[in-house]
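Okay, structure first, notes after.
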Amino acid sequence: MAAVLFDFSGTLFRIESTEAWLRAVLAEHGVVLPEPDVALSARALEAAGALPGGAAPERLPEELAAVWGIRDESAELHRAAYTGVARQVPLPDPALYDALYERHMTPGAWTPYADAVEVLGVLRERGISVGVVSNIGWDLRPVFREHGLDPYVDAYVLSYEHGVQKPDPRLFTVACDALGVVPDDVLMVGDDRRADGGAAALGCAVHFVDHLPVSQRPHGLRPVLDLIG
C-alpha cells in the first residue's frame, strides 16, 4: 500500500457523550437545570440524533428528511440538519441550539482513540501517505492540530469543501489525487460500511473498525499496520 485514508468520527476520533456535550453548553451559558431534567434532555437529544458524530436519529421528522440526506454537502446544510433535529427537544433558551452546534466543532469535544497517534506515526515512519476523508460540514483541521495528529496527515478531503459526500467515489478520487496515488495502492479505514465502503468502487481496499467509545476500543486501529504490507 502506498497510502491509507482514514475516516474522522468513529475512526480516529470520538465525540464526547451527549450528556457531556449538553452539560458543557449549559455551564458555558450559565443555565442551571435540575439534574433529572439534564438527564432527560440528554436522552432526548441523543434519540433525536442531534449530536454530530453521535447516534443516528431514532425518528427523523419528515420536514428534515431532504436536508438530512445531503447534510454533509455544505456547511449550511450541516448546521440546518443538526440544529433542526435538536430543536425537536425543548430547551429553556433558544440560543442553546446554536450553542450546542458550535460546541461540537471545538477540539475539546473530541478525543482521539488511544492508538491513533501510534498507528499514524508508524505509517509516517514507513513512508505511507495518510489522508483524512470525512463526511462533515466544518473544518476539522483544528481538532487534529490541538490533539497532535496533524503532522501525520498529508491531505484532508472534507465533503463540505467539495460538495460531494461518501459513498460517492468522487470524494475518494479527490483524496487519491491529492496524495498522488492510484486506488489499487490505497487502504480506506472507516466505521461506516455504506459511506466508507464506497472506496471499494474505485478499487481501494477497505477495512472497518467498530464505532465504540474510546475506552472500549484501545487497539482498534492497530490491524491497519498488518494490512498495509
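Every chain in the C-alpha cells takes a letter, A first, then B, and so on in the order presented; its residues are numbered from 1, and the ligands are numbered from 1 following the presented order.
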
Extract, using only C-alpha atoms, all DNA, RNA and protein residues at most 9 Å from Arg222 in chain A, discarding same-chain residues fewer than 6 positions from it, and format them as a compact mmCIF listing (two decimals) with N, CA, C and O atoms, in the first residue's frame.
# COMPACT_ATOMS: atom_id res chain seq x y z
N ASP A 115 -4.85 4.46 20.20
CA ASP A 115 -3.76 4.02 19.31
C ASP A 115 -3.63 4.86 18.05
O ASP A 115 -2.85 4.53 17.16
N ALA A 116 -4.36 5.97 17.96
CA ALA A 116 -4.34 6.76 16.73
C ALA A 116 -2.97 7.35 16.45
O ALA A 116 -2.45 7.23 15.33
N GLU A 118 -0.07 6.41 17.61
CA GLU A 118 0.88 5.32 17.37
C GLU A 118 0.80 4.82 15.93
O GLU A 118 1.82 4.69 15.23
N VAL A 119 -0.41 4.53 15.47
CA VAL A 119 -0.58 3.99 14.13
C VAL A 119 -0.19 5.01 13.06
O VAL A 119 0.51 4.68 12.10

Contacts of range 206-218 of chain A within 8 Å, only C-alpha atoms, excl. fewer than 2 positions in-chain, as a list in words: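 Listed by chain and then number, they are Gly10, Thr11, Arg14, Thr111, Pro112, Tyr113, Ala114, Asp115, Leu187, Met188, Val189, Gly190, Asp191, Asp192, Arg193, Asp196, Gly197, Ala199, Ala200, Cys204, Gly220, Leu221 and Val224 of chain A.
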
Every residue of range 9-89 of chain A that DSSP places in helix (DSSP H, G or I), as an NGL selection string: :A and (18-28 or 35-48 or 62-69 or 71-73 or 75-86)

Counting only C-alpha atoms, the option among A:Ala205, A:Val32, A:Val182, A:Val130 closest to Pro92 in chain A: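 Checking each of A:Ala205, A:Val32, A:Val182, A:Val130 against Pro92 in chain A, counting only C-alpha atoms, the winner is A:Val32.
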
Shell of 9 Å around range 36-52 of chain A, only C-alpha atoms, local chain residues under 2 positions omitted, as a PyMOL selection string: chain A and resi 9+15+17-23+33-34+54-60+81-91+100-101+104+136

Separation of CA of Met105 in chain A from CA of Ala66 in chain A, in Å and rounded to one decimal: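 Result for CA of Met105 in chain A versus CA of Ala66 in chain A: 23.2 Å, one decimal.
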
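Taking only C-alpha atoms into account, Arg71 in chain A lies nearest to A:Gly137 out of the set A:Pro167, A:Gly198, A:Asp177, A:Gly137.
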